[in-house]
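J.: Pasting work.pdb below, which is PDB, C-alpha atoms.
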ATOM      1  CA  MET Y   1       0.000   0.000   0.000
ATOM      2  CA  GLY Y   2       1.301   3.449  -0.836
ATOM      3  CA  GLU Y   3       1.372   6.691   1.048
ATOM      4  CA  ILE Y   4      -1.749   7.693   3.002
ATOM      5  CA  GLN Y   5      -3.792  10.320   1.184
ATOM      6  CA  ARG Y   6      -7.025  10.509   3.188
ATOM      7  CA  PRO Y   7      -8.191  13.778   4.763
ATOM      8  CA  GLY Y   8      -7.868  14.292   8.507
ATOM      9  CA  ALA Y   9      -5.111  13.935  11.096
ATOM     10  CA  LEU Y  10      -2.307  11.736   9.791
ATOM     11  CA  TYR Y  11      -2.356   9.250  12.680
ATOM     12  CA  LYS Y  12      -6.125   8.828  12.211
ATOM     13  CA  GLN Y  13      -5.503   8.044   8.540
ATOM     14  CA  VAL Y  14      -2.998   5.358   9.496
ATOM     15  CA  ALA Y  15      -5.342   3.973  12.164
ATOM     16  CA  ALA Y  16      -8.167   3.799   9.606
ATOM     17  CA  ALA Y  17      -5.917   1.978   7.118
ATOM     18  CA  ILE Y  18      -4.840  -0.584   9.742
ATOM     19  CA  ARG Y  19      -8.477  -0.955  10.835
ATOM     20  CA  ASP Y  20      -9.420  -1.711   7.212
ATOM     21  CA  ALA Y  21      -6.644  -4.315   7.006
ATOM     22  CA  ILE Y  22      -7.946  -5.961  10.194
ATOM     23  CA  ALA Y  23     -11.539  -5.957   8.889
ATOM     24  CA  SER Y  24     -10.463  -7.506   5.567
ATOM     25  CA  GLY Y  25      -8.528 -10.266   7.321
ATOM     26  CA  GLU Y  26      -5.140  -9.135   6.072
ATOM     27  CA  PHE Y  27      -4.118  -8.695   9.717
ATOM     28  CA  ALA Y  28      -5.727 -11.699  11.400
ATOM     29  CA  PRO Y  29      -6.662 -12.043  15.099
ATOM     30  CA  GLY Y  30      -3.782 -13.240  17.235
ATOM     31  CA  VAL Y  31      -1.203 -12.344  14.593
ATOM     32  CA  PRO Y  32       1.406  -9.678  15.335
ATOM     33  CA  LEU Y  33       1.147  -6.459  13.400
ATOM     34  CA  PRO Y  34       4.055  -5.463  11.191
ATOM     35  CA  SER Y  35       6.848  -3.771  13.112
ATOM     36  CA  GLU Y  36       6.975  -0.016  13.555
ATOM     37  CA  ALA Y  37       9.640   0.167  10.844
ATOM     38  CA  GLN Y  38       7.467  -1.834   8.459
ATOM     39  CA  LEU Y  39       4.410   0.340   9.150
ATOM     40  CA  ILE Y  40       6.502   3.478   8.630
ATOM     41  CA  GLU Y  41       7.640   2.117   5.283
ATOM     42  CA  ARG Y  42       4.149   0.895   4.325
ATOM     43  CA  TYR Y  43       2.355   4.170   5.022
ATOM     44  CA  GLN Y  44       5.264   6.616   4.501
ATOM     45  CA  VAL Y  45       4.766   8.339   7.846
ATOM     46  CA  SER Y  46       6.859   9.134  10.910
ATOM     47  CA  ARG Y  47       7.404   6.922  13.971
ATOM     48  CA  PRO Y  48       5.264   9.169  16.275
ATOM     49  CA  THR Y  49       2.410   8.955  13.755
ATOM     50  CA  VAL Y  50       2.540   5.144  13.781
ATOM     51  CA  ARG Y  51       2.689   5.061  17.578
ATOM     52  CA  ASN Y  52      -0.305   7.396  17.868
ATOM     53  CA  ALA Y  53      -2.251   5.233  15.409
ATOM     54  CA  ILE Y  54      -1.467   2.080  17.413
ATOM     55  CA  ALA Y  55      -2.480   3.858  20.629
ATOM     56  CA  ALA Y  56      -5.812   4.839  19.057
ATOM     57  CA  LEU Y  57      -6.509   1.267  17.935
ATOM     58  CA  ARG Y  58      -5.477  -0.023  21.340
ATOM     59  CA  SER Y  59      -7.997   2.285  23.012
ATOM     60  CA  GLU Y  60     -10.664   0.841  20.690
ATOM     61  CA  GLY Y  61      -9.780  -2.688  21.779
ATOM     62  CA  LEU Y  62      -8.573  -3.765  18.327
ATOM     63  CA  ILE Y  63      -4.909  -3.985  19.256
ATOM     64  CA  GLU Y  64      -3.216  -5.530  22.267
ATOM     65  CA  VAL Y  65       0.342  -4.507  23.098
ATOM     66  CA  ILE Y  66       2.412  -7.213  24.785
ATOM     67  CA  HIS Y  67       5.588  -5.743  26.235
ATOM     68  CA  GLY Y  68       8.662  -7.292  24.716
ATOM     69  CA  LYS Y  69       6.703  -8.969  21.916
ATOM     70  CA  GLY Y  70       4.919  -6.202  20.022
ATOM     71  CA  SER Y  71       1.405  -5.310  18.931
ATOM     72  CA  PHE Y  72      -1.140  -8.031  18.168
ATOM     73  CA  VAL Y  73      -4.572  -8.000  16.586
ATOM     74  CA  ARG Y  74      -7.047  -8.721  19.324
ATOM     75  CA  GLY Y  75      -9.684 -11.299  18.418
ATOM     76  CA  ALA Y  76     -13.158 -11.774  19.831
ATOM     77  CA  PRO Y  77     -12.370 -14.109  22.751
ATOM     78  CA  THR Y  78     -14.536 -17.021  23.735
ATOM     79  CA  PRO Y  79     -15.504 -16.527  27.394
ATOM     80  CA  VAL Y  80     -13.675 -18.970  29.632
ATOM     81  CA  LEU Y  81     -16.369 -18.870  32.300
ATOM     82  CA  THR Y  82     -20.153 -19.286  32.253
ATOM     83  CA  ILE Y  83     -21.944 -17.943  35.319
ATOM     84  CA  PRO Y  84     -25.363 -19.502  35.946
ATOM     85  CA  ARG Y  85     -27.768 -16.888  37.269
ATOM     86  CA  ALA Y  86     -30.361 -19.326  38.591
ATOM     87  CA  VAL Y  87     -31.362 -19.488  42.260
ATOM     88  CA  THR Y  88     -32.140 -22.995  43.514
ATOM     89  CA  ARG Y  89     -33.420 -24.351  46.813
ATOM     90  CA  ASP Y  90     -33.020 -27.898  48.126
ATOM     91  CA  ALA Y  91     -35.440 -29.976  50.206
ATOM     92  CA  GLU Y  92     -33.906 -28.673  53.426
ATOM     93  CA  GLY Y  93     -34.474 -25.048  52.463
ATOM     94  CA  ARG Y  94     -30.880 -24.198  51.547
ATOM     95  CA  PHE Y  95     -30.471 -21.761  48.674
ATOM     96  CA  THR Y  96     -27.642 -21.860  46.139
ATOM     97  CA  THR Y  97     -26.600 -19.323  43.527
ATOM     98  CA  GLY Y  98     -24.278 -19.364  40.528
ATOM     99  CA  HIS Y  99     -21.313 -17.940  42.415
ATOM    100  CA  ASP Y 100     -21.321 -20.067  45.577
ATOM    101  CA  ALA Y 101     -18.042 -21.742  44.560
ATOM    102  CA  TRP Y 102     -16.243 -18.425  44.063
ATOM    103  CA  GLU Y 103     -13.524 -17.635  46.591
ATOM    104  CA  PRO Y 104     -13.103 -14.305  48.410
ATOM    105  CA  ALA Y 105      -9.987 -12.447  47.294
ATOM    106  CA  GLU Y 106     -10.172 -10.276  50.404
ATOM    107  CA  GLU Y 107     -12.376  -9.665  53.426
ATOM    108  CA  PRO Y 108     -15.817  -8.134  52.682
ATOM    109  CA  SER Y 109     -16.141  -4.398  53.176
ATOM    110  CA  VAL Y 110     -19.202  -3.547  55.306
ATOM    111  CA  TYR Y 111     -20.467   0.019  55.549
ATOM    112  CA  ARG Y 112     -23.549   2.182  55.928
ATOM    113  CA  THR Y 113     -24.809   4.090  52.923
ATOM    114  CA  LYS Y 114     -27.994   5.587  51.467
ATOM    115  CA  THR Y 115     -30.163   5.007  48.435
ATOM    116  CA  THR Y 116     -29.329   7.022  45.346
ATOM    117  CA  ALA Y 117     -31.337   8.150  42.356
ATOM    118  CA  THR Y 118     -30.402   4.784  40.789
ATOM    119  CA  THR Y 119     -30.766   2.345  43.686
ATOM    120  CA  GLY Y 120     -33.785   3.983  45.354
ATOM    121  CA  PRO Y 121     -36.340   3.086  42.660
ATOM    122  CA  LEU Y 122     -35.029  -0.495  42.491
ATOM    123  CA  LEU Y 123     -35.731  -0.864  46.208
ATOM    124  CA  ALA Y 124     -38.987   1.154  46.067
ATOM    125  CA  LEU Y 125     -37.439   3.691  48.438
ATOM    126  CA  ASP Y 126     -36.911   7.429  48.312
ATOM    127  CA  GLU Y 127     -33.435   8.763  47.700
ATOM    128  CA  GLY Y 128     -31.445   9.051  50.942
ATOM    129  CA  GLU Y 129     -32.919   6.034  52.773
ATOM    130  CA  ALA Y 130     -30.491   4.145  55.049
ATOM    131  CA  LEU Y 131     -28.832   0.952  53.780
ATOM    132  CA  PHE Y 132     -26.191  -1.531  54.783
ATOM    133  CA  GLY Y 133     -23.651  -2.009  52.005
ATOM    134  CA  VAL Y 134     -21.385  -5.023  51.576
ATOM    135  CA  ASP Y 135     -18.706  -5.128  48.875
ATOM    136  CA  ARG Y 136     -16.940  -8.363  47.983
ATOM    137  CA  LEU Y 137     -14.093  -9.145  45.589
ATOM    138  CA  LEU Y 138     -14.488 -12.733  44.386
ATOM    139  CA  THR Y 139     -12.286 -15.008  42.284
ATOM    140  CA  ASP Y 140     -13.346 -18.032  40.281
ATOM    141  CA  PRO Y 141     -10.955 -20.798  41.434
ATOM    142  CA  THR Y 142     -10.809 -22.491  38.032
ATOM    143  CA  THR Y 143     -10.206 -19.563  35.667
ATOM    144  CA  GLY Y 144      -8.997 -16.808  37.994
ATOM    145  CA  THR Y 145     -11.745 -14.502  36.710
ATOM    146  CA  ARG Y 146     -12.538 -11.733  39.175
ATOM    147  CA  ALA Y 147     -15.910 -10.254  40.083
ATOM    148  CA  LEU Y 148     -17.127  -7.388  42.238
ATOM    149  CA  TYR Y 149     -20.244  -8.281  44.223
ATOM    150  CA  ARG Y 150     -22.235  -5.645  46.099
ATOM    151  CA  THR Y 151     -25.194  -6.268  48.389
ATOM    152  CA  LEU Y 152     -27.423  -3.390  49.534
ATOM    153  CA  ILE Y 153     -29.792  -4.116  52.427
ATOM    154  CA  PRO Y 154     -32.361  -1.545  53.604
ATOM    155  CA  PHE Y 155     -32.475  -1.066  57.361
ATOM    156  CA  ALA Y 156     -36.181  -1.941  57.201
ATOM    157  CA  THR Y 157     -35.313  -5.348  55.706
ATOM    158  CA  ALA Y 158     -32.596  -6.056  58.273
ATOM    159  CA  GLU Y 159     -34.693  -5.034  61.272
ATOM    160  CA  GLY Y 160     -35.686  -8.014  63.394
ATOM    161  CA  THR Y 161     -33.368 -10.434  61.571
ATOM    162  CA  ALA Y 162     -29.765 -11.547  61.953
ATOM    163  CA  LEU Y 163     -28.900  -9.122  59.139
ATOM    164  CA  ALA Y 164     -29.089  -6.204  61.557
ATOM    165  CA  GLU Y 165     -25.940  -7.507  63.270
ATOM    166  CA  HIS Y 166     -24.430  -9.398  60.357
ATOM    167  CA  PRO Y 167     -25.170  -7.631  57.050
ATOM    168  CA  ASP Y 168     -22.154  -9.438  55.550
ATOM    169  CA  THR Y 169     -24.113 -12.706  55.580
ATOM    170  CA  GLU Y 170     -23.653 -14.606  52.307
ATOM    171  CA  PRO Y 171     -26.447 -13.846  49.776
ATOM    172  CA  ALA Y 172     -27.693 -17.450  49.673
ATOM    173  CA  ARG Y 173     -28.039 -17.413  53.466
ATOM    174  CA  ILE Y 174     -29.818 -14.036  53.267
ATOM    175  CA  TYR Y 175     -32.451 -15.678  51.070
ATOM    176  CA  ALA Y 176     -32.960 -18.346  53.744
ATOM    177  CA  LEU Y 177     -33.274 -15.734  56.508
ATOM    178  CA  LEU Y 178     -35.856 -13.788  54.515
ATOM    179  CA  THR Y 179     -37.810 -16.987  53.873
ATOM    180  CA  GLU Y 180     -37.710 -17.791  57.589
ATOM    181  CA  ALA Y 181     -39.129 -14.305  58.200
ATOM    182  CA  GLY Y 182     -42.223 -15.292  56.209
ATOM    183  CA  HIS Y 183     -41.398 -14.073  52.710
ATOM    184  CA  THR Y 184     -41.994 -16.039  49.530
ATOM    185  CA  LEU Y 185     -39.143 -14.843  47.359
ATOM    186  CA  SER Y 186     -38.909 -13.982  43.696
ATOM    187  CA  TRP Y 187     -36.275 -12.087  41.743
ATOM    188  CA  THR Y 188     -35.925  -9.596  38.943
ATOM    189  CA  GLU Y 189     -32.635  -8.989  37.182
ATOM    190  CA  THR Y 190     -31.273  -6.674  34.519
ATOM    191  CA  THR Y 191     -27.987  -7.091  32.665
ATOM    192  CA  ARG Y 192     -26.028  -4.601  30.633
ATOM    193  CA  ALA Y 193     -22.545  -4.054  29.247
ATOM    194  CA  ARG Y 194     -20.616  -0.873  29.938
ATOM    195  CA  MET Y 195     -17.067   0.363  30.086
ATOM    196  CA  PRO Y 196     -15.458  -0.028  33.524
ATOM    197  CA  LEU Y 197     -14.672   2.741  35.925
ATOM    198  CA  PRO Y 198     -10.922   3.215  36.468
ATOM    199  CA  ASP Y 199     -10.932   1.483  39.864
ATOM    200  CA  GLU Y 200     -12.992  -1.415  38.444
ATOM    201  CA  ARG Y 201     -10.514  -1.905  35.597
ATOM    202  CA  ILE Y 202      -7.622  -2.097  38.053
ATOM    203  CA  THR Y 203      -9.395  -4.332  40.578
ATOM    204  CA  LEU Y 204     -10.730  -6.734  37.947
ATOM    205  CA  GLN Y 205      -7.368  -6.725  36.136
ATOM    206  CA  LEU Y 206      -8.925  -5.912  32.776
ATOM    207  CA  PRO Y 207      -7.000  -5.293  29.535
ATOM    208  CA  ASP Y 208      -7.461  -1.919  27.871
ATOM    209  CA  ALA Y 209     -10.814  -1.233  26.192
ATOM    210  CA  THR Y 210     -12.506  -4.237  27.832
ATOM    211  CA  PRO Y 211     -16.174  -3.785  28.833
ATOM    212  CA  VAL Y 212     -17.730  -5.250  31.944
ATOM    213  CA  ILE Y 213     -20.969  -7.146  32.421
ATOM    214  CA  HIS Y 214     -23.055  -5.513  35.126
ATOM    215  CA  THR Y 215     -26.106  -7.238  36.607
ATOM    216  CA  THR Y 216     -28.613  -5.795  39.037
ATOM    217  CA  ARG Y 217     -30.786  -8.285  40.933
ATOM    218  CA  THR Y 218     -33.665  -7.296  43.223
ATOM    219  CA  THR Y 219     -35.051  -9.836  45.679
ATOM    220  CA  LEU Y 220     -38.808  -9.439  46.179
ATOM    221  CA  GLY Y 221     -40.832 -10.667  49.148
ATOM    222  CA  ARG Y 222     -44.490 -10.592  50.109
ATOM    223  CA  ASP Y 223     -46.619  -8.262  47.984
ATOM    224  CA  ASP Y 224     -43.636  -7.996  45.612
ATOM    225  CA  ARG Y 225     -41.904  -5.721  48.085
ATOM    226  CA  PRO Y 226     -38.188  -5.198  47.224
ATOM    227  CA  LEU Y 227     -36.026  -6.533  50.050
ATOM    228  CA  ILE Y 228     -32.385  -6.381  48.942
ATOM    229  CA  LEU Y 229     -30.374  -5.348  45.905
ATOM    230  CA  GLU Y 230     -27.333  -7.199  44.528
ATOM    231  CA  GLU Y 231     -24.915  -6.039  41.851
ATOM    232  CA  LEU Y 232     -22.385  -8.222  40.027
ATOM    233  CA  THR Y 233     -19.637  -6.706  37.877
ATOM    234  CA  THR Y 234     -17.171  -8.860  35.957
ATOM    235  CA  SER Y 235     -15.102  -8.989  32.775
ATOM    236  CA  GLY Y 236     -17.082  -8.898  29.548
ATOM    237  CA  ASP Y 237     -14.470 -10.867  27.605
ATOM    238  CA  ARG Y 238     -13.829 -13.615  30.185
ATOM    239  CA  ALA Y 239     -17.343 -14.345  31.418
ATOM    240  CA  GLN Y 240     -20.821 -14.906  30.074
ATOM    241  CA  LEU Y 241     -24.107 -15.269  31.947
ATOM    242  CA  ALA Y 242     -26.520 -18.175  31.595
ATOM    243  CA  TYR Y 243     -30.243 -17.918  32.349
ATOM    244  CA  ARG Y 244     -32.828 -20.669  32.457
ATOM    245  CA  ILE Y 245     -36.008 -19.496  30.762
ATOM    246  CA  THR Y 246     -39.333 -21.262  31.188
ATOM    247  CA  ALA Y 247     -42.792 -20.481  29.919
ATOM    248  CA  ASP Y 248     -45.492 -19.600  32.423
ATOM    249  CA  SER Y 249     -48.307 -22.110  32.347
ATOM    250  CA  PRO Y 250     -51.609 -20.315  31.688
ATOM    251  CA  HIS Y 251     -54.502 -21.086  33.994
ATOM    252  CA  LEU Y 252     -56.957 -23.240  32.092
ATOM    253  CA  ALA Y 253     -60.489 -21.908  32.024
ATOM    254  CA  GLN Y 254     -63.001 -24.097  33.799
ATOM    255  CA  PRO Y 255     -65.884 -25.351  31.649
ATOM    256  CA  THR Y 256     -69.185 -23.648  32.317
ATOM    257  CA  GLY Y 257     -72.830 -24.628  32.063
TER     258      GLY Y 257
END
As structure tokens, please, write out the structure in this file.

T.:
Amino acid sequence: MGEIQRPGALYKQVAAAIRDAIASGEFAPGVPLPSEAQLIERYQVSRPTVRNAIAALRSEGLIEVIHGKGSFVRGAPTPVLTIPRAVTRDAEGRFTTGHDAWEPAEEPSVYRTKTTATTGPLLALDEGEALFGVDRLLTDPTTGTRALYRTLIPFATAEGTALAEHPDTEPARIYALLTEAGHTLSWTETTRARMPLPDERITLQLPDATPVIHTTRTTLGRDDRPLILEELTTSGDRAQLAYRITADSPHLAQPTG
């Protein structure tokens, strides 16, 4: 390919040309890019221009720089971990969730907080209502994948239960305590992908330009009253979520006459 002749900043022209080569398959996933010297020769530009182009593609997640080895085309990875999002209960009343086998990477952080404009509606509470917060950093023992797990418990939910003294109770055990308090539980959950906050990227040990999966689960009790809120945040390129979906059985109409 000859000298770049597209309009716009020169490094953006080079980045666009490399992006086209990746899209066409000329630069395949997992294959190292040509060296800086080769790219300089290919596009007839300076070394800073090539470096700025690579930096731009790296920020887009198309390029991964491995120190000492060079720049590689980043493929679409197959997640190494599937996280089941089902909640199950055995004959003895014990609940299990899809992350029970995960190991704590550090001690849980327990604190008092308040509902926000985001969490308040999910808990059917006004903004500024008192909550217990529990933050956990978990690690999957098989793959090493990390996850941030937050539990938010309204004071009204904790009152009269062991949660008032021990808000850091494991989520599965919280479900059992709420059931013992007379609630028939159900759950709603939303899932979305977003880019991580800087502290999330560091804590989860994410490569550049890697999104996270963020789930928000609300546990509902009697009269569909929200009881607690849980948030899971993990790597979008290492993990995928699995949901079991069933059809509701319609009530059959009784024959008349």

J.: May I have the residues within 12 Å of Arg58 of chain Y as a list in words, using only C-alpha atoms and disregarding those fewer than 4 positions away in the same chain?

T.: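 My reading of the contact set: Ala15, Ile18, Arg19, Arg51, Asn52, Ala53, Ile54, Leu62, Ile63, Glu64, Val65, Ile66, Ser71, Phe72, Val73, Arg74, Pro207, Asp208, Ala209 and Thr210 of chain Y.
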
J.: One decimal, in Å: what's the spacing between atom CA of Phe132 of chain Y and atom CA of Pro84 of chain Y?

T.: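 One can read the atom CA of Phe132 of chain Y to atom CA of Pro84 of chain Y distance as 26.0 Å.
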
J.: Which protein, DNA or RNA residues are at most 9 Å from (-43.9, -16.0, 49.5) in the file's coordinates when you count all atoms listed in the file, listed as an NGL selection string?

T.: :Y and (179 or 182-186 or 220-224)

J.: Selection from above, C-alpha atoms, as a CSV table (one decimal), in the coordinates of the input, can you write it?

T.:
chain,number,residue,atom,x,y,z
Y,179,THR,CA,-37.8,-17.0,53.9
Y,182,GLY,CA,-42.2,-15.3,56.2
Y,183,HIS,CA,-41.4,-14.1,52.7
Y,184,THR,CA,-42.0,-16.0,49.5
Y,185,LEU,CA,-39.1,-14.8,47.4
Y,186,SER,CA,-38.9,-14.0,43.7
Y,220,LEU,CA,-38.8,-9.4,46.2
Y,221,GLY,CA,-40.8,-10.7,49.1
Y,222,ARG,CA,-44.5,-10.6,50.1
Y,223,ASP,CA,-46.6,-8.3,48.0
Y,224,ASP,CA,-43.6,-8.0,45.6

J.: Can you tell me, as a PyMOL selection string, what residues are no more than 12 Å from Ser46 of chain Y when counting only C-alpha atoms, ignoring any on the same chain fewer than 2 positions away?

T.: chain Y and resi 3-4+10-11+14+36-44+48-53

J.: Next, dump the selected residues to file, keeping only C-alpha atoms, as a tab-separated table (two decimals), in the coordinates of the input.

T.:
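Contents of the output file again.tsv:
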chain	number	residue	atom	x	y	z
Y	3	GLU	CA	1.37	6.69	1.05
Y	4	ILE	CA	-1.75	7.69	3.00
Y	10	LEU	CA	-2.31	11.74	9.79
Y	11	TYR	CA	-2.36	9.25	12.68
Y	14	VAL	CA	-3.00	5.36	9.50
Y	36	GLU	CA	6.98	-0.02	13.56
Y	37	ALA	CA	9.64	0.17	10.84
Y	38	GLN	CA	7.47	-1.83	8.46
Y	39	LEU	CA	4.41	0.34	9.15
Y	40	ILE	CA	6.50	3.48	8.63
Y	41	GLU	CA	7.64	2.12	5.28
Y	42	ARG	CA	4.15	0.90	4.32
Y	43	TYR	CA	2.36	4.17	5.02
Y	44	GLN	CA	5.26	6.62	4.50
Y	48	PRO	CA	5.26	9.17	16.27
Y	49	THR	CA	2.41	8.96	13.76
Y	50	VAL	CA	2.54	5.14	13.78
Y	51	ARG	CA	2.69	5.06	17.58
Y	52	ASN	CA	-0.30	7.40	17.87
Y	53	ALA	CA	-2.25	5.23	15.41

J.: Would you compute the distance between atom CA of Glu180 of chain Y and atom CA of Thr218 of chain Y? Give it in Å to one decimal.

T.: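 These two atoms are separated by 18.2 Å.
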